[in-house]
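What follows is a set of notes on a single structure, which appears directly below.
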Amino acid sequence: MRKSTKRIIKTIVFEILLITSSLLMFAPILLAIIMSIQPPEFVFSYPPRFLPRGLFLQNYLEAFKIVPFARMIFNSALISIFITLGKLVTGSLSGYAYANFVFRGSKISFYVLFATLFIPAEIVLIVPLFRIVSRFGWTNTYWAMTVPFLASATNTFLMQQHFKTIPKDFEDAAKIDGATPMQYFTKILLPLSRPIIAGAAIINFTYAWNMYLWPMIVAMEDRMKTVQVAINMIMNAESSNNWGIIMAATVVALLPTLILFFALQDLFVKSLVGSGVKG
Amino acid sequence: MRRFWLIVLVVLTVVSFAKVKIQFWHAMGGWRIEVIQNMVNDFMKLNPDIEVEVQYVGSYEEILAKLIAAVQAGTPPHVVQLNEISTQKMIDSGVIVPVQDLIDKDPTFDVGLFLPQVLNYYRVGGKLYSMPWNTSTPLLYYNKTMFKEVGLDPNNPPTTFSELIEACRKLVKKDEKGNIVRTGITWPLYAWFFEQYMALQNQPLVDNNNGRTAKATKVVFNNQAALNFLNLWNTLTKEGLMINTRRADWTAARQLFISQTVGMLISSTSDVALLMNESKKQGFELGTAFLPLPDCTQRGGVVVGGGSLWILKQKNQAEVDAAWKLVKYLAEPGPQIVWHQATGYYPIRIDAIQKLLVQGYYQENPHHLTAILQLLTSVQNYNTQGAIIGAFPEVRNAIETAVEKMLTGALTPKQALDEAERNANKAIKEYF
Amino acid sequence: MRRKIFPYLLLIPTYLVIVFFIYAPAFDALYNSFFRVSVFGRRKIFVGFQNYLSLFTDKDYLYAVNFTLVYTGVTVVVSIFLSFFLALLLDQKVPGSRIYRTLIFAPYAVSHAVAGALWGFLLNPVVGHVNYLMRIFFGIQTHWLTTTPYAAYSLIFASVWKTLPFNIIFYLAALQSIPTEVLEASIIDGASSWKRVWKIIFPLVSPITFYLVIMSIISATFQSFAIIDVMTKGGPGIYTTNLVYKLFLDGFRFQKIGLASAQNVILFIVMMVITIIYFSYGQRRVHYQ
């Protein structure tokens with residue numbers, strides 16, 4: 001009897017703690033969504049209101065007026081998709097090389113690659129990277145925003161780890177059937193790796209969609225900028241003095257990855273943990 | 001053979017009808033993007049052989065950084081709007097065509113019709129390097145409705161620092177718990193205002209006559225004039241009479257004024273049109289006035305700020321000529337009046353102002369008039385001509401950093417001046 | 001023969017990217033860090049180690065080093081402990097835990113820039129909700145983003161909020177992989193639950209903690225640029241200017257390519273050191289799952 005009361009109390013305490021913390025964590029996003037659909041009088045009311053009143057979509061239209069937002073959404077999507085595909089291709093190719101082949105220089109090249117594992121070049125090396133991209137004449141182009149990110153040690157590592165778990169028997173069988181290494185790769189290895197590829201895809205997409213400093217620097221014109229950069233532009237826009245509009249832009253910037261996350265949460269979590277470097 | 005000549009003829013015709021394509025980069029965001037696009041469209045109608053691609057590139061800082069990248073990539077834009085403090089840097093750059101060279105070759109262009117106050121800023125060593133364009137000075141905006149409410153005379157805005165402090169104190173409103181819910185004044189945290197207050201007290205910012213007679217070697221602002229202004233800033237902040245923004249956050253300052261959280265705002269004259277609209281929407285009456293001065297000082301003048309249009313060197317001379325045509329057009333009375341009315345930036349020409357006076361425009365728009373009068377009544381000398389410094393962005397940064405340290409209580413006004421002087425001098429020495 | 005060159009062909013795309021966009025920039029930075037370069041890059045003089053010397057005698061740079069350490073340190077410690085605690089909570093099988101998990105994980109999907117915008121809004125002095133609640137509950141009336149020390153607190157709020165979910169996700173996975181026998185054994189031994197958490201569970205997940213500390217350091221040091229840029233722009237004064245923000249100012253605002261290159265070299269070395277620590281220390285210790 002006493003034990004079960006104790007358990008009930010414990011559950012209630014946990015419930016309260018969990019409800020509070022999930023509300024606290026989610027509140028900023030929720031408030032942004034609420035503010036983005038409220039008229040200025042509501043946004044500027046003091047004390048601030050927490051609950052929405054009606055639907056007011058003017059803010060979104062305004063945000064689209066201040067900057068070429070539709071184009072920026074397109075840019076973000078294009079860049080993210082391109083980077084995601086590129087990383088998957090390069091990552092699985094090089095992962096395949098390291099997982100399934102013994103070749104001269106594999107060890108040393110592995111170190112050369114993995115030395116860069118944690119380096120976000122677009123930040124740590126921003127000045128020289130910008131110089132190189134300028135010299136290619138790539139500033140203000142999609143090239144600048146995608147090509148430097150078409151491969152990463154993380155993706156190679158992830159794919160290599162995964163390919164290693166696939167039994168050698170498959171490869172031997174394929175060889176006996178007369179399949180070339182490339183055929184084995186495309187016909188057997190990749191189909192077997194679908195979940196990990198999907199997981200890597202959403203992680204890469206999120207990373208690319210959320211890039212900030214680099215697109216801000218290489219995009220010279222509004223029509224080449226991305227959604228993340230647009231937020232700050234709208235915040236600093238001469239004509240905007242309304243948080244409703246800023247929050248509308250913010251919601252547009254966070255919605256795609258948030259929806260992706262809500263829809264594929266389990267996959268997200270599984271692959272994220274899988275991508276964590278294991279010794 | 002005949003065929004060959006036919007082809008040559010066709011090619012020549014095509015080439016001669018081919019449009020010259022030029023790029024125009026500017027830093028005027030928001031509703032002004034459309035204003036500029038319309039002005040350029042008009043230009044293209046008049047010059048069907050020129051196609052202008054207009055780009056809003058971002059802030060002045062961004063536009064400079066991106067210009068440098070474009071020049072290094074070998075694809076410079078043709079016309080670029082840069083802020084006033086980039087002047088020396090651009091002169092040193094070796095990548096521009098001085099506007100003076102084009103003026104000298106163009107008999108149709110009369111520079112004598114321009115406001116000398118504006119030309120003086122952009123002329124260095126007697127030579128005009130860029131075409132002045134969007135020109136503004138700071139202005140005091142105040143909420144007449146709020147003035148009435150607290151018993152201040154809405155037609156007598158403060159003219160001295162002590163009157164200003166007094167007015168701010170009256171504007172403060174607290175809730176029942178003693179929290180301040182409304183206060184006196186704000187202005188963006190921007191070194192431009194510091195420079196203005198030096199000129200208003202008829203003081204130079206740097207040596208060699210503000211860098212006008214020889215290259216500036218050090219700043220000379222560590223004196224009583226600067227202290228007057230920093231003391232005011234410090235006092236207003238410490239007493240809670242002023243709200244400070246983040247660096248160069250014009251939007252936040254305007255928002256505080258529009259939302260009636262503060263009763264006064266010092267901002268650029270380029271906000272006149274915007275604030276007139278917004279005050280109407282919010283239901284209060286807007287007032288404008290000259291900047292208040294320290295007690296018992298003679299008024300010097302304001303320095304023009306804003307930006308000018310630079311023409312970049314190109315491989316193809318036809319493109320430079322087209323760029324010059326565009327620049328010339330944008331400085332004509334017609335576009336200048338459109339620009340002035342839409343924003344509040346000055347018309348930079350005497351004939352444009354005369355035209356507006358004749359039309360009675362200023363009777364209906366007294367705020368635009370205050371702005372112009374403040375400039376026209378300014379004393380004209382090296383001090384109000386504005387400083388020319390290669391490392392101007394760094395100097396501004398030094399001033400802003402020191403001011404922010406003062407506002408957070410880490411430095412006294414005097415210490416802040418010392419630090420600003422030290423860092424600014426270092427930057428000037430390191431300029432390369 | 002074909003078989004022999006095949007693996008090299010597979011590596012080409014990856015290495016093209018790595019060489020051109022990581023190693024080449026690193027060498028470019030190293031080279032230029034020995035020069036003073038004019039704004040448009042037309043004049044260039046060799047200055048030896050002058051750029052490095054002036055960085056390490058520059059009070060502002062040293063301040064940025066200091067601020068980076070403090071900001072990163074506080075963010076990482078707070079984030080690690082909070083996330084461990086939240087992961088323990090989420091690990092409890094209580095009704096609705098899936099919904100809670102979804103809501104708590106959500107900030108993972110948003111960017112640093114968005115995090116900055118959201119917290120900039122919540123803390124803004126005119127209409128901010130958190131600003132209002134802080135005033136009501138704690139009597140703090142201040143301008144969060146423009147005064148010391150609140151500007152730093154604001155940044156830390158935003159970056160902890162942003163990095164928490166990532167850490168929770170990993171801790172939760174680690175907790176779920178602890179064999180129940182271990183825990184049951186400790187229950188039989190009579191360890192109180194609090195003691196059990198710190199004496200048994202926390203040490204068991206220490207490899208994950210190590211990984212998360214590294215990742216959080218990288219995130220708080222480098223990715224937080226967006227948060228700083230959106231929220232405080234490094235101010236007031238240089239109060240919230242960290243190394244990356246300082247680099248951004250020197251490199252892109254003031255166009256000091258030589259000086260900025262030297263800063264890039266320093267950051268690159270810092271990253272290399274972190275990587276080496278990770279591989280030499282982590283290699284031995286990280287064995288979870």
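Identifiers in the structure tokens: chain A, B, ... in order shown; residue index from 1 per chain; ligand index from 1 in order shown.
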
If you take only C-alpha atoms and a cut-off of 10 Å, which residues of chain B touch chain C, and what are their nearest atom pairs and distances in Å to one decimal, in chain and number order, as CSV?
```
residue,atom,partner,partner_atom,distance
B:Tyr60,CA,C:Arg253,CA,9.9
B:Glu61,CA,C:Arg253,CA,6.1
B:Glu62,CA,C:Arg253,CA,7.6
B:Leu64,CA,C:Arg253,CA,8.3
B:Ala65,CA,C:Phe252,CA,5.9
B:Lys66,CA,C:Phe252,CA,8.9
B:Leu67,CA,C:Phe40,CA,9.2
B:Ile68,CA,C:Phe40,CA,5.8
B:Ala69,CA,C:Phe40,CA,8.4
B:Val71,CA,C:Phe40,CA,7.7
B:Gln72,CA,C:Phe40,CA,7.3
B:Lys89,CA,C:Val39,CA,7.8
B:Met90,CA,C:Phe40,CA,9.2
B:Asp92,CA,C:Val39,CA,9.0
B:Ser93,CA,C:Phe40,CA,6.1
B:Gly94,CA,C:Arg42,CA,8.4
B:Val95,CA,C:Phe40,CA,8.3
B:Asn179,CA,C:Gln141,CA,7.6
B:Ile180,CA,C:Gln141,CA,8.8
B:Val181,CA,C:Val126,CA,8.9
B:Leu189,CA,C:Pro236,CA,9.6
B:Ile243,CA,C:His143,CA,8.4
B:Asn244,CA,C:Thr146,CA,7.1
B:Thr245,CA,C:Thr146,CA,6.4
B:Arg246,CA,C:Thr146,CA,5.8
B:Arg247,CA,C:Gly235,CA,7.2
B:Ala248,CA,C:Lys233,CA,9.7
B:Asp249,CA,C:Lys233,CA,9.9
B:Ala252,CA,C:Asn124,CA,9.8
B:Gln255,CA,C:Val126,CA,9.1
B:Leu256,CA,C:Val126,CA,7.7
B:Ser259,CA,C:Val126,CA,8.6
B:Thr261,CA,C:Val126,CA,7.8
B:Ala391,CA,C:Phe254,CA,8.3
B:Phe392,CA,C:Phe254,CA,9.5
B:Pro393,CA,C:Phe254,CA,6.9
B:Glu394,CA,C:Phe254,CA,6.8
B:Asn397,CA,C:Gly237,CA,9.1
B:Ala398,CA,C:Gly237,CA,9.1
B:Ile399,CA,C:Gly237,CA,9.4
B:Glu400,CA,C:Gly237,CA,6.8
B:Thr401,CA,C:Gly237,CA,4.1
B:Ala402,CA,C:Gly237,CA,6.5
B:Val403,CA,C:Gly237,CA,7.2
B:Glu404,CA,C:Gly237,CA,4.5
B:Lys405,CA,C:Gly237,CA,5.4
B:Met406,CA,C:Gly237,CA,8.8
B:Leu407,CA,C:Thr147,CA,8.1
B:Thr408,CA,C:Thr147,CA,6.0
B:Gly409,CA,C:Thr148,CA,8.9
B:Ala410,CA,C:Thr148,CA,9.4
B:Glu430,CA,C:Arg36,CA,9.7
B:Tyr431,CA,C:Ser38,CA,8.4
B:Phe432,CA,C:Ser38,CA,5.4
```

Write out as a VMD selection string the set of residues from range 139-304 of chain B that DSSP, computed on the backbone, places in strand (DSSP E). chain B and resid 139 to 143 173 to 174 180 to 189 242 to 247 262 to 268 286 to 289

Under the rule of at most 6 Å, produce a per-residue listing of chain B near chain A: chain, number, name, the closest pair of atoms, and the distance in Å, as a Markdown table, using only C-alpha atoms.
```
| residue | atom | partner | partner_atom | distance |
| --- | --- | --- | --- | --- |
| B:Gly30 | CA | A:Ser239 | CA | 5.2 |
| B:Val57 | CA | A:Glu221 | CA | 4.8 |
| B:Ala73 | CA | A:Gly137 | CA | 5.1 |
| B:Thr251 | CA | A:Glu238 | CA | 5.9 |
| B:Gln255 | CA | A:Asn241 | CA | 5.4 |
```

Would you export the selected residues with N, CA and C atoms as a PDB file, in the first residue's frame, please?
```pdb
ATOM      1  N   GLY B  30      14.308  48.407 -47.108  1.00  0.00           N
ATOM      2  CA  GLY B  30      12.905  48.706 -46.826  1.00  0.00           C
ATOM      3  C   GLY B  30      12.156  49.285 -48.004  1.00  0.00           C
ATOM      4  N   VAL B  57      22.156  45.750 -51.456  1.00  0.00           N
ATOM      5  CA  VAL B  57      23.158  44.777 -51.031  1.00  0.00           C
ATOM      6  C   VAL B  57      23.207  44.578 -49.522  1.00  0.00           C
ATOM      7  N   ALA B  73      37.559  39.706 -57.434  1.00  0.00           N
ATOM      8  CA  ALA B  73      37.155  38.659 -58.370  1.00  0.00           C
ATOM      9  C   ALA B  73      37.175  39.174 -59.806  1.00  0.00           C
ATOM     10  N   THR B 251      16.666  50.980 -35.833  1.00  0.00           N
ATOM     11  CA  THR B 251      15.317  50.439 -35.758  1.00  0.00           C
ATOM     12  C   THR B 251      14.801  50.457 -34.326  1.00  0.00           C
ATOM     13  N   GLN B 255      11.712  52.467 -32.847  1.00  0.00           N
ATOM     14  CA  GLN B 255      10.609  51.699 -32.263  1.00  0.00           C
ATOM     15  C   GLN B 255      10.248  52.245 -30.888  1.00  0.00           C
TER      16      GLN B 255
END
```

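Using only C-alpha atoms, the nearest neighbour of chain A within the list C:Ala226, C:Ile217, C:Leu172, C:Ile136 is C:Ala226.
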
Please indicate the distance in Å from CA of Ala214 in chain B to CA of Gly125 in chain B, rounded to one decimal place. 8.6 Å

Please give the complete set of residues from range 167-386 of chain B that DSSP, run on the backbone, assigns to helix (DSSP H, G or I), formatted as a PyMOL selection string. chain B and resi 167-171+191-200+207-211+224-238+250-258+269-282+317-330+333-343+350-359+361-364+366-376+382-385

Name the residues in contact with Leu158 in chain A at a cut-off of 12 Å, using only C-alpha atoms, excluding same-chain residues fewer than 6 positions from it; report them as a ChimeraX atom specification. /A:87-88,90-96,98-99,114,117,152,164-165,193,196-197,199-201,203-204,271-278
